[in-house]
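*Asks:* Sending over input-v5.cif (mmCIF, C-alpha atoms (C1' of nucleotides)).
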data_coords
loop_
_atom_site.label_atom_id
_atom_site.label_comp_id
_atom_site.auth_asym_id
_atom_site.auth_seq_id
_atom_site.Cartn_x
_atom_site.Cartn_y
_atom_site.Cartn_z
CA MET B 1 -8.08 -5.82 14.71
CA ASP B 2 -8.63 -5.72 10.96
CA ILE B 3 -6.19 -7.32 8.58
CA SER B 4 -4.77 -5.70 5.45
CA ALA B 5 -6.23 -6.05 1.97
CA SER B 6 -3.25 -8.17 1.02
CA LEU B 7 -3.79 -10.62 3.87
CA GLU B 8 -7.50 -10.75 3.04
CA ASN B 9 -6.57 -11.81 -0.46
CA TYR B 10 -4.36 -14.58 0.85
CA LEU B 11 -7.16 -15.73 3.12
CA GLU B 12 -9.61 -15.74 0.25
CA VAL B 13 -7.33 -17.84 -1.93
CA ILE B 14 -6.66 -20.26 0.92
CA ALA B 15 -10.41 -20.66 1.38
CA LYS B 16 -10.93 -21.41 -2.29
CA LEU B 17 -8.14 -23.98 -2.35
CA SER B 18 -9.49 -25.52 0.84
CA ASP B 19 -12.90 -25.87 -0.76
CA GLU B 20 -11.33 -27.77 -3.63
CA ASP B 21 -8.74 -29.84 -1.82
CA GLY B 22 -9.46 -29.57 1.90
CA TYR B 23 -6.21 -27.67 2.46
CA ALA B 24 -3.89 -25.23 0.73
CA LEU B 25 -0.26 -25.52 -0.34
CA SER B 26 2.18 -22.63 -0.44
CA ASN B 27 2.97 -23.32 -4.04
CA ASP B 28 -0.62 -23.20 -5.20
CA ILE B 29 -1.25 -20.00 -3.30
CA ALA B 30 1.78 -18.44 -4.97
CA ASP B 31 0.59 -19.58 -8.40
CA LYS B 32 -2.95 -18.33 -7.96
CA MET B 33 -1.86 -14.96 -6.63
CA GLU B 34 1.08 -14.60 -8.97
CA VAL B 35 3.57 -13.85 -6.21
CA LYS B 36 6.75 -15.62 -5.16
CA ARG B 37 6.64 -18.43 -2.63
CA SER B 38 8.74 -16.44 -0.23
CA SER B 39 6.05 -13.77 -0.12
CA VAL B 40 3.49 -16.44 0.71
CA THR B 41 5.54 -17.66 3.65
CA VAL B 42 5.60 -14.19 5.14
CA ALA B 43 1.85 -13.80 4.68
CA LEU B 44 1.17 -17.19 6.24
CA ARG B 45 3.18 -16.29 9.32
CA ASN B 46 1.05 -13.17 9.67
CA LEU B 47 -2.27 -14.95 9.18
CA ALA B 48 -1.20 -17.53 11.75
CA GLU B 49 -0.44 -14.73 14.22
CA TYR B 50 -4.02 -13.60 13.86
CA ASP B 51 -5.23 -17.17 14.38
CA LEU B 52 -6.88 -17.25 10.99
CA ILE B 53 -5.04 -20.29 9.68
CA VAL B 54 -3.38 -23.38 11.11
CA TYR B 55 0.19 -23.11 9.96
CA LYS B 56 3.01 -25.51 10.72
CA LYS B 57 6.17 -25.17 8.69
CA TYR B 58 6.26 -27.43 5.63
CA LYS B 59 2.71 -28.63 6.28
CA PRO B 60 -0.49 -28.01 4.33
CA ILE B 61 -2.49 -25.01 5.54
CA THR B 62 -6.05 -25.06 6.81
CA LEU B 63 -8.38 -22.32 7.99
CA THR B 64 -9.41 -21.82 11.58
CA GLU B 65 -13.09 -21.20 12.30
CA LYS B 66 -12.42 -17.49 12.59
CA GLY B 67 -10.44 -17.56 9.35
CA ARG B 68 -13.21 -19.35 7.51
CA GLU B 69 -15.74 -16.84 8.75
CA ILE B 70 -13.74 -13.86 7.53
CA ALA B 71 -12.98 -15.59 4.23
CA ASN B 72 -16.67 -16.26 3.69
CA GLN B 73 -17.50 -12.61 4.27
CA ILE B 74 -14.95 -11.56 1.68
CA ILE B 75 -16.15 -14.14 -0.82
CA TYR B 76 -19.75 -13.03 -0.28
CA LYS B 77 -18.84 -9.43 -1.03
CA HIS B 78 -16.70 -10.42 -4.01
CA GLN B 79 -19.34 -12.54 -5.67
CA ASN B 80 -22.16 -10.09 -5.26
CA ILE B 81 -20.23 -7.03 -6.31
CA LYS B 82 -18.99 -8.89 -9.35
CA ALA B 83 -22.47 -10.07 -10.23
CA PHE B 84 -23.80 -6.55 -9.96
CA LEU B 85 -21.08 -5.13 -12.19
CA LYS B 86 -21.47 -7.86 -14.76
CA ASP B 87 -25.18 -8.56 -14.90
CA LEU B 88 -26.63 -5.19 -14.13
CA LEU B 89 -24.00 -2.73 -15.23
CA GLY B 90 -22.79 -4.79 -18.19
CA VAL B 91 -19.11 -4.65 -17.25
CA LYS B 92 -17.07 -7.39 -18.89
CA GLU B 93 -16.18 -10.52 -16.95
CA GLN B 94 -12.52 -9.82 -16.39
CA LYS B 95 -12.93 -6.16 -15.54
CA ALA B 96 -15.75 -7.01 -13.14
CA GLU B 97 -13.49 -9.57 -11.48
CA GLU B 98 -10.68 -7.05 -11.06
CA ILE B 99 -12.91 -4.37 -9.61
CA ALA B 100 -14.68 -6.76 -7.23
CA CYS B 101 -11.27 -7.97 -6.08
CA LYS B 102 -10.51 -4.49 -4.83
CA MET B 103 -13.92 -3.42 -3.58
CA GLU B 104 -14.31 -6.49 -1.42
CA HIS B 105 -11.71 -5.08 0.99
CA PHE B 106 -13.37 -1.82 1.90
CA ILE B 107 -17.08 -2.38 1.25
CA GLY B 108 -19.06 -3.47 4.30
CA LYS B 109 -21.62 -6.26 4.28
CA ASP B 110 -24.37 -3.65 4.52
CA VAL B 111 -23.29 -1.97 1.29
CA ALA B 112 -22.80 -5.33 -0.42
CA ASP B 113 -26.34 -6.18 0.63
CA ARG B 114 -27.57 -3.01 -1.00
CA PHE B 115 -25.94 -4.02 -4.27
CA VAL B 116 -27.73 -7.36 -3.99
CA ALA B 117 -31.02 -5.71 -3.20
CA LEU B 118 -30.71 -3.31 -6.11
CA SER B 119 -30.14 -6.16 -8.54
CA LYS B 120 -33.15 -8.03 -7.24
CA TYR B 121 -35.28 -4.90 -7.12
CA ILE B 122 -34.66 -4.02 -10.70
CA LYS B 123 -35.10 -7.54 -11.92
CA SER B 124 -38.11 -8.33 -9.77
CA CYS B 125 -40.49 -7.09 -12.44
CA PRO B 126 -40.52 -9.60 -15.30
CA LYS B 127 -40.93 -6.86 -17.84
CA ASN B 128 -37.83 -5.14 -16.56
CA GLU B 129 -35.76 -8.27 -16.36
CA GLN B 130 -36.64 -9.20 -19.86
CA MET B 131 -35.70 -5.80 -21.12
CA TRP B 132 -32.78 -5.15 -18.86
CA ARG B 133 -29.88 -6.35 -20.92
CA GLU B 134 -30.74 -4.74 -24.18
CA GLY B 135 -32.52 -1.79 -22.66
CA PHE B 136 -29.77 -0.59 -20.41
CA GLU B 137 -27.01 -1.28 -22.90
CA THR B 138 -28.82 0.84 -25.50
CA PHE B 139 -29.36 3.56 -22.93
CA TYR B 140 -25.68 3.49 -21.97
CA ARG B 141 -24.46 3.57 -25.56
CA GLU B 142 -26.98 5.83 -27.23
CA GLY B 143 -28.74 7.50 -24.33
CA LYS B 144 -32.00 6.23 -25.83
CA ASP B 145 -34.61 4.62 -23.60
CA ILE B 146 -36.38 1.82 -25.42
CA ARG B 147 -38.49 0.72 -22.44
CA THR B 148 -42.23 0.68 -22.61
CA CYS B 149 -43.53 0.61 -19.09
CA ASN B 150 -47.19 0.64 -19.93
CA SER B 151 -47.81 -2.99 -19.10
CA LYS B 152 -49.01 -4.45 -15.85
CA CYS B 153 -46.46 -5.96 -13.58
CA GLU B 154 -47.18 -9.63 -13.53
CA LYS B 155 -44.97 -10.78 -10.72
CA MET L 1 2.96 6.01 -16.83
CA ASP L 2 0.17 5.86 -14.25
CA ILE L 3 0.59 7.47 -10.86
CA SER L 4 -0.24 5.81 -7.54
CA ALA L 5 -3.55 6.14 -5.72
CA SER L 6 -1.79 8.25 -3.13
CA LEU L 7 -0.47 10.72 -5.69
CA GLU L 8 -3.90 10.84 -7.33
CA ASN L 9 -5.35 11.88 -4.00
CA TYR L 10 -2.82 14.67 -3.66
CA LEU L 11 -3.61 15.83 -7.16
CA GLU L 12 -7.32 15.81 -6.43
CA VAL L 13 -6.88 17.91 -3.30
CA ILE L 14 -4.61 20.35 -5.12
CA ALA L 15 -7.27 20.73 -7.81
CA LYS L 16 -9.97 21.47 -5.25
CA LEU L 17 -7.83 24.04 -3.45
CA SER L 18 -6.91 25.60 -6.79
CA ASP L 19 -10.59 25.94 -7.65
CA GLU L 20 -11.15 27.82 -4.42
CA ASP L 21 -8.00 29.93 -4.24
CA GLY L 22 -6.26 29.66 -7.61
CA TYR L 23 -3.34 27.78 -6.03
CA ALA L 24 -2.60 25.32 -3.23
CA LEU L 25 -0.42 25.62 -0.13
CA SER L 26 1.45 22.74 1.43
CA ASN L 27 -0.14 23.39 4.77
CA ASP L 28 -3.70 23.27 3.44
CA ILE L 29 -2.99 20.07 1.55
CA ALA L 30 -1.67 18.50 4.74
CA ASP L 31 -4.72 19.63 6.69
CA LYS L 32 -7.21 18.38 4.13
CA MET L 33 -5.51 15.02 3.76
CA GLU L 34 -4.66 14.64 7.42
CA VAL L 35 -1.00 13.88 6.79
CA LYS L 36 2.13 15.65 7.98
CA ARG L 37 3.62 18.51 6.00
CA SER L 38 6.77 16.55 5.37
CA SER L 39 4.75 13.88 3.60
CA VAL L 40 3.23 16.55 1.38
CA THR L 41 6.66 17.84 0.35
CA VAL L 42 7.67 14.37 -0.82
CA ALA L 43 4.44 13.95 -2.78
CA LEU L 44 4.85 17.35 -4.41
CA ARG L 45 8.34 16.47 -5.56
CA ASN L 46 6.91 13.36 -7.18
CA LEU L 47 3.99 15.13 -8.85
CA ALA L 48 6.41 17.72 -10.20
CA GLU L 49 8.57 14.94 -11.68
CA TYR L 50 5.54 13.78 -13.63
CA ASP L 51 4.89 17.38 -14.77
CA LEU L 52 1.48 17.41 -13.14
CA ILE L 53 2.11 20.45 -10.95
CA VAL L 54 4.27 23.55 -11.02
CA TYR L 55 6.36 23.32 -7.88
CA LYS L 56 9.01 25.75 -6.71
CA LYS L 57 10.24 25.42 -3.15
CA TYR L 58 8.37 27.64 -0.71
CA LYS L 59 6.00 28.81 -3.45
CA PRO L 60 2.29 28.15 -3.92
CA ILE L 61 1.48 25.16 -6.11
CA THR L 62 -0.51 25.20 -9.35
CA LEU L 63 -1.59 22.46 -11.71
CA THR L 64 -0.16 21.99 -15.18
CA GLU L 65 -2.57 21.36 -18.02
CA LYS L 66 -1.86 17.65 -17.85
CA GLY L 67 -2.33 17.69 -14.08
CA ARG L 68 -5.65 19.46 -14.36
CA GLU L 69 -6.85 16.95 -16.90
CA ILE L 70 -6.03 13.98 -14.71
CA ALA L 71 -7.48 15.70 -11.65
CA ASN L 72 -10.72 16.35 -13.51
CA GLN L 73 -10.99 12.71 -14.50
CA ILE L 74 -10.60 11.64 -10.89
CA ILE L 75 -13.11 14.21 -9.67
CA TYR L 76 -15.59 13.11 -12.32
CA LYS L 77 -15.35 9.51 -11.17
CA HIS L 78 -15.49 10.48 -7.52
CA GLN L 79 -18.61 12.60 -7.84
CA ASN L 80 -20.56 10.14 -9.91
CA ILE L 81 -19.70 7.08 -7.89
CA LYS L 82 -20.59 8.93 -4.73
CA ALA L 83 -23.89 10.11 -6.18
CA PHE L 84 -24.76 6.59 -7.22
CA LEU L 85 -24.00 5.18 -3.79
CA LYS L 86 -25.89 7.90 -2.00
CA ASP L 87 -28.89 8.61 -4.18
CA LEU L 88 -29.54 5.23 -5.69
CA LEU L 89 -28.17 2.78 -3.19
CA GLY L 90 -29.04 4.84 -0.12
CA VAL L 91 -25.57 4.70 1.41
CA LYS L 92 -24.99 7.44 3.97
CA GLU L 93 -23.09 10.58 2.97
CA GLN L 94 -19.86 9.88 4.81
CA LYS L 95 -19.65 6.22 3.88
CA ALA L 96 -20.39 7.06 0.24
CA GLU L 97 -17.60 9.63 0.34
CA GLU L 98 -15.12 7.11 1.75
CA ILE L 99 -15.98 4.43 -0.77
CA ALA L 100 -15.90 6.82 -3.73
CA CYS L 101 -12.52 8.03 -2.53
CA LYS L 102 -11.14 4.55 -3.04
CA MET L 103 -13.04 3.47 -6.14
CA GLU L 104 -11.99 6.56 -8.07
CA HIS L 105 -8.47 5.16 -8.35
CA PHE L 106 -9.20 1.90 -10.09
CA ILE L 107 -12.52 2.45 -11.88
CA GLY L 108 -12.19 3.56 -15.49
CA LYS L 109 -14.24 6.33 -17.06
CA ASP L 110 -16.23 3.72 -18.94
CA VAL L 111 -17.39 2.02 -15.75
CA ALA L 112 -18.06 5.38 -14.08
CA ASP L 113 -20.21 6.23 -17.10
CA ARG L 114 -22.17 3.04 -16.58
CA PHE L 115 -22.92 4.06 -13.02
CA VAL L 116 -24.16 7.39 -14.33
CA ALA L 117 -26.27 5.74 -16.99
CA LEU L 118 -27.80 3.33 -14.50
CA SER L 119 -28.86 6.18 -12.24
CA LYS L 120 -30.42 8.05 -15.13
CA TYR L 121 -32.01 4.93 -16.54
CA ILE L 122 -33.74 4.04 -13.33
CA LYS L 123 -34.84 7.56 -12.64
CA SER L 124 -35.90 8.33 -16.20
CA CYS L 125 -39.41 7.07 -15.57
CA PRO L 126 -41.22 9.58 -13.34
CA LYS L 127 -43.09 6.82 -11.59
CA ASN L 128 -39.86 5.12 -10.69
CA GLU L 129 -38.11 8.25 -9.57
CA GLN L 130 -41.00 9.18 -7.38
CA MET L 131 -41.02 5.78 -5.78
CA TRP L 132 -37.33 5.14 -5.75
CA ARG L 133 -36.32 6.35 -2.34
CA GLU L 134 -39.01 4.73 -0.31
CA GLY L 135 -39.46 1.79 -2.60
CA PHE L 136 -35.90 0.59 -2.68
CA GLU L 137 -35.26 1.29 0.99
CA THR L 138 -38.28 -0.83 1.91
CA PHE L 139 -37.15 -3.56 -0.44
CA TYR L 140 -33.67 -3.49 1.06
CA ARG L 141 -34.91 -3.58 4.65
CA GLU L 142 -37.94 -5.84 4.40
CA GLY L 143 -37.53 -7.49 1.04
CA LYS L 144 -41.00 -6.22 0.20
CA ASP L 145 -41.69 -4.61 -3.15
CA ILE L 146 -44.20 -1.81 -2.82
CA ARG L 147 -44.03 -0.73 -6.44
CA THR L 148 -47.08 -0.66 -8.62
CA CYS L 149 -45.90 -0.55 -12.19
CA ASN L 150 -49.32 -0.54 -13.80
CA SER L 151 -49.27 3.10 -14.77
CA LYS L 152 -48.19 4.57 -18.06
CA CYS L 153 -44.79 6.08 -18.26
CA GLU L 154 -45.33 9.76 -18.81
CA LYS L 155 -41.86 10.95 -19.71
"C1'" DT C 1 18.65 -45.86 1.08
"C1'" DA C 2 21.33 -42.40 -1.28
"C1'" DA C 3 20.90 -38.91 -4.70
"C1'" DG C 4 18.28 -35.85 -7.11
"C1'" DT C 5 14.18 -32.95 -7.49
"C1'" DA C 6 10.48 -30.21 -5.77
"C1'" DA C 7 8.54 -27.41 -2.17
"C1'" DA C 8 9.04 -24.25 1.46
"C1'" DT C 9 11.68 -21.14 4.32
"C1'" DT C 10 15.16 -17.72 5.63
"C1'" DA C 11 17.86 -13.69 5.00
"C1'" DG C 12 18.53 -9.61 3.07
"C1'" DA C 13 17.26 -5.86 -0.47
"C1'" DT C 14 13.82 -2.77 -2.54
"C1'" DT C 15 9.80 0.24 -2.93
"C1'" DT C 16 6.18 3.18 -1.29
"C1'" DA C 17 4.19 6.10 1.80
"C1'" DA C 18 3.88 7.42 5.87
"C1'" DC C 19 6.19 9.33 10.29
"C1'" DT C 20 9.33 12.43 13.81
"C1'" DA C 21 12.69 15.73 14.70
"C1'" DA C 22 15.56 19.23 13.34
"C1'" DC C 23 16.30 22.95 10.42
"C1'" DA C 24 15.47 26.86 7.02
"C1'" DA C 25 12.67 30.30 4.84
"C1'" DA C 26 9.03 33.58 4.92
"C1'" DC C 27 5.93 36.38 7.20
"C1'" DT C 28 4.35 39.46 11.13
"C1'" DT C 29 4.52 42.73 14.59
"C1'" DA C 30 6.09 45.32 18.30
"C1'" DT F 1 14.54 45.70 12.09
"C1'" DA F 2 14.98 42.07 15.50
"C1'" DA F 3 12.35 38.41 17.60
"C1'" DG F 4 8.93 35.27 17.34
"C1'" DT F 5 5.61 32.54 14.72
"C1'" DT F 6 4.12 30.03 10.87
"C1'" DT F 7 5.15 27.45 6.86
"C1'" DG F 8 7.91 24.38 4.33
"C1'" DT F 9 11.94 21.25 3.72
"C1'" DT F 10 15.52 17.83 4.83
"C1'" DA F 11 17.22 13.78 6.90
"C1'" DG F 12 16.56 9.72 8.84
"C1'" DT F 13 13.14 5.96 10.60
"C1'" DT F 14 9.33 2.71 10.28
"C1'" DA F 15 6.11 -0.66 8.38
"C1'" DA F 16 4.05 -3.43 4.81
"C1'" DA F 17 4.54 -6.11 0.89
"C1'" DT F 18 7.06 -7.45 -2.45
"C1'" DC F 19 11.44 -9.44 -4.60
"C1'" DT F 20 16.07 -12.44 -5.31
"C1'" DA F 21 19.30 -15.71 -3.77
"C1'" DA F 22 20.61 -19.12 -0.75
"C1'" DT F 23 19.31 -22.74 2.23
"C1'" DT F 24 16.58 -26.36 4.34
"C1'" DT F 25 13.02 -29.87 4.41
"C1'" DA F 26 10.31 -33.25 2.22
"C1'" DC F 27 9.33 -36.29 -1.47
"C1'" DT F 28 10.58 -39.69 -5.21
"C1'" DT F 29 12.88 -43.11 -7.54
"C1'" DA F 30 16.56 -45.78 -9.25
#
Step by step, read the file and then write its structure as structure tokens.

*Replies:*
Amino acid sequence: MDISASLENYLEVIAKLSDEDGYALSNDIADKMEVKRSSVTVALRNLAEYDLIVYKKYKPITLTEKGREIANQIIYKHQNIKAFLKDLLGVKEQKAEEIACKMEHFIGKDVADRFVALSKYIKSCPKNEQMWREGFETFYREGKDIRTCNSKCEK
Amino acid sequence: MDISASLENYLEVIAKLSDEDGYALSNDIADKMEVKRSSVTVALRNLAEYDLIVYKKYKPITLTEKGREIANQIIYKHQNIKAFLKDLLGVKEQKAEEIACKMEHFIGKDVADRFVALSKYIKSCPKNEQMWREGFETFYREGKDIRTCNSKCEK
DNA sequence: TAAGTAAATTAGATTTAACTAACAAACTTA
DNA sequence: TAAGTTTGTTAGTTAAATCTAATTTACTTA
């Protein structure tokens, strides 16, 4: 009853276009995903079969309730994984985007939540947050720990 | 010049069998990967084309130097991602295994290294390491931070 | 409103990675 | 060593996701 990673990507893009315009057009989907329009048509037929989008030939596409729900789950995972990679791990924007775009399809909400919790946990102590960026980057590059954890936690 | 995720998986399994027995047999590869033997034959032909394995019909398979190198890279990423998920994030063994098995194919060494560094970084303060398991799990489940970071770091 | 342009679809080909079924090679053992 | 079993290969099929080329529908404007 699960859809493929490819179809999830289509759904995600449709959701984003819907948020901007209220609906999605085949052309815009093709542009955003860098695939041909004919590939989009095939994908739309499939998503419609699963009742995830409302699809009438030659008409703008909208999400069903079920489709929106699944899209939101994917977007939630995407955003949080990306944020973790970028803000905590120091992975560059574009690379973080690419990786999140793949992980979102096989990571469950529970694991995504753990990524979120880890970020918060680490940053919940002001001292740590303040030192995070520089501290971890130095540790990653030089293996040297510049933290001084002899101060009270003031949270 | 990159091989597919599927071929990388075959290579990884061949490497593990080689470590145990010195070579790999088609049958054992099929068993470990839960695919049919005919699928293995096709994959072996492909890996041989890339000069990653030594493959003679009906003979045991060994890795070339290049094949071993690539296999080691994949195994390195696999192990470290899995360890991060399990030990730091608290993801269960089997789930961590599954996720690592997918991430290993699109995460670069640099990002894998960041996962390693993060684990070390967090655990490098004895106080943190001691409290990590319980502390983070509680934070994840209840959103409550039970850490007391008012002690000197004794590393 | 007829003609031209843009958008979307259909039809058919390609690629990848699996599968089943049939066959061939290699080994085991009575 | 002949017969049976295990292992490995070949040939042909399937399914998903892409593509190109041709066609159809919808929009625009002179």

*Asks:* Please report as a Markdown table every residue of chain C lying within 9 Å of segment 3-27 of chain F, along with the nearest atom pair and their distance in Å (one decimal), using only C-alpha atoms (C1' of nucleotides).

*Replies:*
| residue | atom | partner | partner_atom | distance |
| --- | --- | --- | --- | --- |
| C:DT5 | C1' | F:DC27 | C1' | 8.4 |
| C:DA6 | C1' | F:DC27 | C1' | 7.5 |
| C:DA7 | C1' | F:DA26 | C1' | 7.5 |
| C:DA8 | C1' | F:DT25 | C1' | 7.5 |
| C:DT9 | C1' | F:DT24 | C1' | 7.2 |
| C:DT10 | C1' | F:DT23 | C1' | 7.3 |
| C:DA11 | C1' | F:DA22 | C1' | 8.4 |
| C:DA13 | C1' | F:DC19 | C1' | 8.0 |
| C:DT14 | C1' | F:DC19 | C1' | 7.4 |
| C:DT15 | C1' | F:DT18 | C1' | 8.2 |
| C:DA18 | C1' | F:DT14 | C1' | 8.4 |
| C:DC19 | C1' | F:DT14 | C1' | 7.3 |
| C:DT20 | C1' | F:DT13 | C1' | 8.2 |
| C:DA22 | C1' | F:DA11 | C1' | 8.6 |
| C:DC23 | C1' | F:DT10 | C1' | 7.6 |
| C:DA24 | C1' | F:DT9 | C1' | 7.4 |
| C:DA25 | C1' | F:DG8 | C1' | 7.6 |
| C:DA26 | C1' | F:DT7 | C1' | 7.5 |
| C:DC27 | C1' | F:DT6 | C1' | 7.6 |
| C:DT28 | C1' | F:DT5 | C1' | 7.9 |

*Asks:* Between chain L and chain B, at 10 Å or less, what are the per-residue closest atom pairs and their distances in Å? Count only C-alpha atoms, order by chain and rising residue number, and return it as a Markdown table.

*Replies:*
| residue | atom | partner | partner_atom | distance |
| --- | --- | --- | --- | --- |
| L:Leu85 | CA | B:Val111 | CA | 8.8 |
| L:Leu88 | CA | B:Leu118 | CA | 8.6 |
| L:Leu89 | CA | B:Arg114 | CA | 6.2 |
| L:Gly90 | CA | B:Arg114 | CA | 8.0 |
| L:Val91 | CA | B:Val111 | CA | 7.0 |
| L:Lys92 | CA | B:Val111 | CA | 9.9 |
| L:Lys95 | CA | B:Val111 | CA | 9.3 |
| L:Ala96 | CA | B:Val111 | CA | 9.5 |
| L:Glu98 | CA | B:Phe106 | CA | 9.1 |
| L:Ile99 | CA | B:Ile107 | CA | 7.2 |
| L:Lys102 | CA | B:Phe106 | CA | 8.4 |
| L:Met103 | CA | B:Met103 | CA | 7.4 |
| L:Phe106 | CA | B:Ile99 | CA | 7.3 |
| L:Ile107 | CA | B:Ile99 | CA | 7.2 |
| L:Gly108 | CA | B:Lys95 | CA | 9.7 |
| L:Asp110 | CA | B:Val91 | CA | 9.0 |
| L:Val111 | CA | B:Val91 | CA | 7.0 |
| L:Asp113 | CA | B:Tyr140 | CA | 7.8 |
| L:Arg114 | CA | B:Leu89 | CA | 6.2 |
| L:Phe115 | CA | B:Leu89 | CA | 7.2 |
| L:Val116 | CA | B:Tyr140 | CA | 8.7 |
| L:Ala117 | CA | B:Tyr140 | CA | 5.5 |
| L:Leu118 | CA | B:Leu89 | CA | 7.2 |
| L:Lys120 | CA | B:Phe139 | CA | 9.1 |
| L:Tyr121 | CA | B:Phe139 | CA | 7.1 |
| L:Ile122 | CA | B:Ile122 | CA | 8.5 |
| L:Ser124 | CA | B:Asp145 | CA | 8.4 |
| L:Cys125 | CA | B:Cys149 | CA | 8.4 |
| L:Lys127 | CA | B:Cys149 | CA | 9.7 |
| L:Gly135 | CA | B:Tyr121 | CA | 9.1 |
| L:Phe136 | CA | B:Tyr121 | CA | 7.1 |
| L:Glu137 | CA | B:Arg114 | CA | 9.0 |
| L:Phe139 | CA | B:Ala117 | CA | 7.1 |
| L:Tyr140 | CA | B:Ala117 | CA | 5.5 |
| L:Arg141 | CA | B:Ala117 | CA | 9.0 |
| L:Gly143 | CA | B:Ala117 | CA | 8.0 |
| L:Lys144 | CA | B:Tyr121 | CA | 9.4 |
| L:Asp145 | CA | B:Tyr121 | CA | 7.5 |
| L:Arg147 | CA | B:Cys153 | CA | 9.2 |
| L:Thr148 | CA | B:Cys153 | CA | 7.3 |
| L:Cys149 | CA | B:Cys153 | CA | 5.6 |
| L:Asn150 | CA | B:Lys152 | CA | 4.4 |
| L:Ser151 | CA | B:Asn150 | CA | 6.1 |
| L:Lys152 | CA | B:Asn150 | CA | 4.5 |
| L:Cys153 | CA | B:Cys149 | CA | 5.7 |
| L:Glu154 | CA | B:Cys149 | CA | 9.3 |

*Asks:* Report as a list in words the full result of the PyMOL selection byres ((chain L) within 9 of (chain F)) when it is applied to this structure.

*Replies:* Ser26, Asn27, Arg37, Ser38, Thr41, Lys57 and Tyr58 of chain L

*Asks:* The selected residues should be written to file as a PDB file, keeping the file's coordinate frame (atoms: C-alpha atoms).

*Replies:*
ATOM      1  CA  SER L  26       1.450  22.740   1.430  1.00  0.00           C
ATOM      2  CA  ASN L  27      -0.140  23.390   4.770  1.00  0.00           C
ATOM      3  CA  ARG L  37       3.620  18.510   6.000  1.00  0.00           C
ATOM      4  CA  SER L  38       6.770  16.550   5.370  1.00  0.00           C
ATOM      5  CA  THR L  41       6.660  17.840   0.350  1.00  0.00           C
ATOM      6  CA  LYS L  57      10.240  25.420  -3.150  1.00  0.00           C
ATOM      7  CA  TYR L  58       8.370  27.640  -0.710  1.00  0.00           C
TER       8      TYR L  58
END

*Asks:* Please evaluate the PyMOL selection byres ((chain L and resi 40) around 10) against the displayed coordinates and give the resulting residues as a PyMOL selection string.

*Replies:* (chain L and resi 7+10+25-30+33+35-39+41-46) or (chain F and resi 8)

*Asks:* For Lys86 of chain B, which of B:Thr64, B:Ile74, B:Arg133, B:Leu47 is the closest residue, counting all atoms listed in the file?

*Replies:* B:Arg133

*Asks:* Hey, can you check how far atom CA of Ile3 of chain B sits from atom CA of Asp21 of chain B?

*Replies:* 24.9 Å

*Asks:* For a test of reading the model, state the distance in Å between atom CA of Ser4 of chain B and atom CA of Gln73 of chain B, rounded to one decimal.

*Replies:*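 The value is 14.5 Å.
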
*Asks:* Could you tell me how far atom CA of Ala5 of chain L sits from atom CA of Glu34 of chain L, in Å to one decimal place?

*Replies:*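 Between these atoms lies a distance of 15.7 Å.
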
*Asks:* So, with all atoms listed in the file as the atoms that count, which of L:Lys59, L:His78, L:Lys66, L:Lys16 lies closest to chain C?

*Replies:*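 The closest residue to chain C is L:Lys59.
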
*Asks:* Can you fill out segment 9-18 of chain L with N, CA and C atoms and hand it back as a compact mmCIF listing (two decimals), in the coordinates of the input?

*Replies:*
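Okay, rebuild.txt is ready:
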# COMPACT_ATOMS: atom_id res chain seq x y z
N ASN L 9 -4.64 11.16 -5.06
CA ASN L 9 -5.35 11.88 -4.00
C ASN L 9 -4.77 13.27 -3.78
N TYR L 10 -3.45 13.36 -3.79
CA TYR L 10 -2.82 14.67 -3.66
C TYR L 10 -3.27 15.58 -4.79
N LEU L 11 -3.24 15.04 -5.99
CA LEU L 11 -3.61 15.83 -7.16
C LEU L 11 -5.05 16.34 -7.05
N GLU L 12 -5.91 15.48 -6.58
CA GLU L 12 -7.32 15.81 -6.43
C GLU L 12 -7.49 16.97 -5.43
N VAL L 13 -6.79 16.87 -4.33
CA VAL L 13 -6.88 17.91 -3.30
C VAL L 13 -6.31 19.23 -3.82
N ILE L 14 -5.20 19.14 -4.53
CA ILE L 14 -4.61 20.35 -5.12
C ILE L 14 -5.59 21.01 -6.08
N ALA L 15 -6.29 20.20 -6.86
CA ALA L 15 -7.27 20.73 -7.81
C ALA L 15 -8.40 21.45 -7.07
N LYS L 16 -8.86 20.85 -6.00
CA LYS L 16 -9.97 21.47 -5.25
C LYS L 16 -9.54 22.78 -4.61
N LEU L 17 -8.34 22.81 -4.05
CA LEU L 17 -7.83 24.04 -3.45
C LEU L 17 -7.61 25.10 -4.53
N SER L 18 -7.13 24.66 -5.69
CA SER L 18 -6.91 25.60 -6.79
C SER L 18 -8.22 26.23 -7.24
